[in-house]
Amino acid sequence: MLKQELQQKQALSPQQILEATLLQLNNSSLEKYILEEFEKNPILEPTETINDDDESNIKEDLNDEDWDDIYESKAVYEPKKENTFQISSEKNLLEAIIDQINDLDLKSWEKSVAEEIIYNLDDSGYLSIDLFLIADHFGKTEDEIDHILHKVQHLDPPALASRDLQQCLMIQLD
């Protein structure tokens, strides 16, 4: 019998283990650990630490700076003036498809048929109405409507207005 089980494990890297160990050490233990590391690894060299005198010299140097000159040299912030034109919002998918239909070299009745096809798509993008009904509505043959449907199916996104998943995939492979 097959058994499926889900487990979750957390693994710490060697660096994480070392960091956790170092965080737990007090000052004297940390100093001892560092000295041991210097002895183990000859490439490591101790550096001088900053003492209290050095810290006070740094603070004095900071106070000696002429901060008034620094502040005056900075450019003054001026808020941008609002543009008087309005940026158009992005088109939704329906508007983008209608624009593509208008860019096609179609007669006015063909554009109307293409728009009718687009307006009869379901939420998944499949054509949910029979071509016979569209042909009857426009007084055209099913072959004429099918020709326009073929053009709509090759717009972007591809395979729009397919009848089913199989047709959708076949159109995308063309």
# chains A, B, ... in the order shown; residues from 1 in each chain; ligands from 1
$ residues_around --residues "segment 148-153 of chain A" --least-positions-apart "3" --cutoff "8 Å" --atoms "only C-alpha atoms" --output "JSON, numbers by chain"
{"A": [101, 110, 113, 114, 117, 144, 145, 158, 159, 160, 161, 162, 171]}
$ residues_around --residues "Glu115 of chain A" --least-positions-apart "3" --cutoff "8 Å" --atoms "only C-alpha atoms" --output "PyMOL selection string"
chain A and resi 98+101+111-112+118-119
$ write_last_selection --atoms "C-alpha atoms" --output "PDB file, in the first residue's frame"
ATOM      1  CA  ILE A  98     -12.018  46.258 -30.508  1.00  0.00           C
ATOM      2  CA  ILE A 101     -10.656  44.765 -35.067  1.00  0.00           C
ATOM      3  CA  LYS A 111     -16.470  44.780 -38.153  1.00  0.00           C
ATOM      4  CA  SER A 112     -19.968  44.606 -36.677  1.00  0.00           C
ATOM      5  CA  ILE A 118     -16.380  39.458 -29.098  1.00  0.00           C
ATOM      6  CA  TYR A 119     -19.464  40.477 -27.115  1.00  0.00           C
TER       7      TYR A 119
END
$ atom_distance --atom1 "atom CA of Ala20 of chain A" --atom2 "atom CA of Glu48 of chain A"
25.4 Å
$ atom_distance --atom1 "atom CA of Ser28 of chain A" --atom2 "atom CA of Ala11 of chain A"
29.7 Å
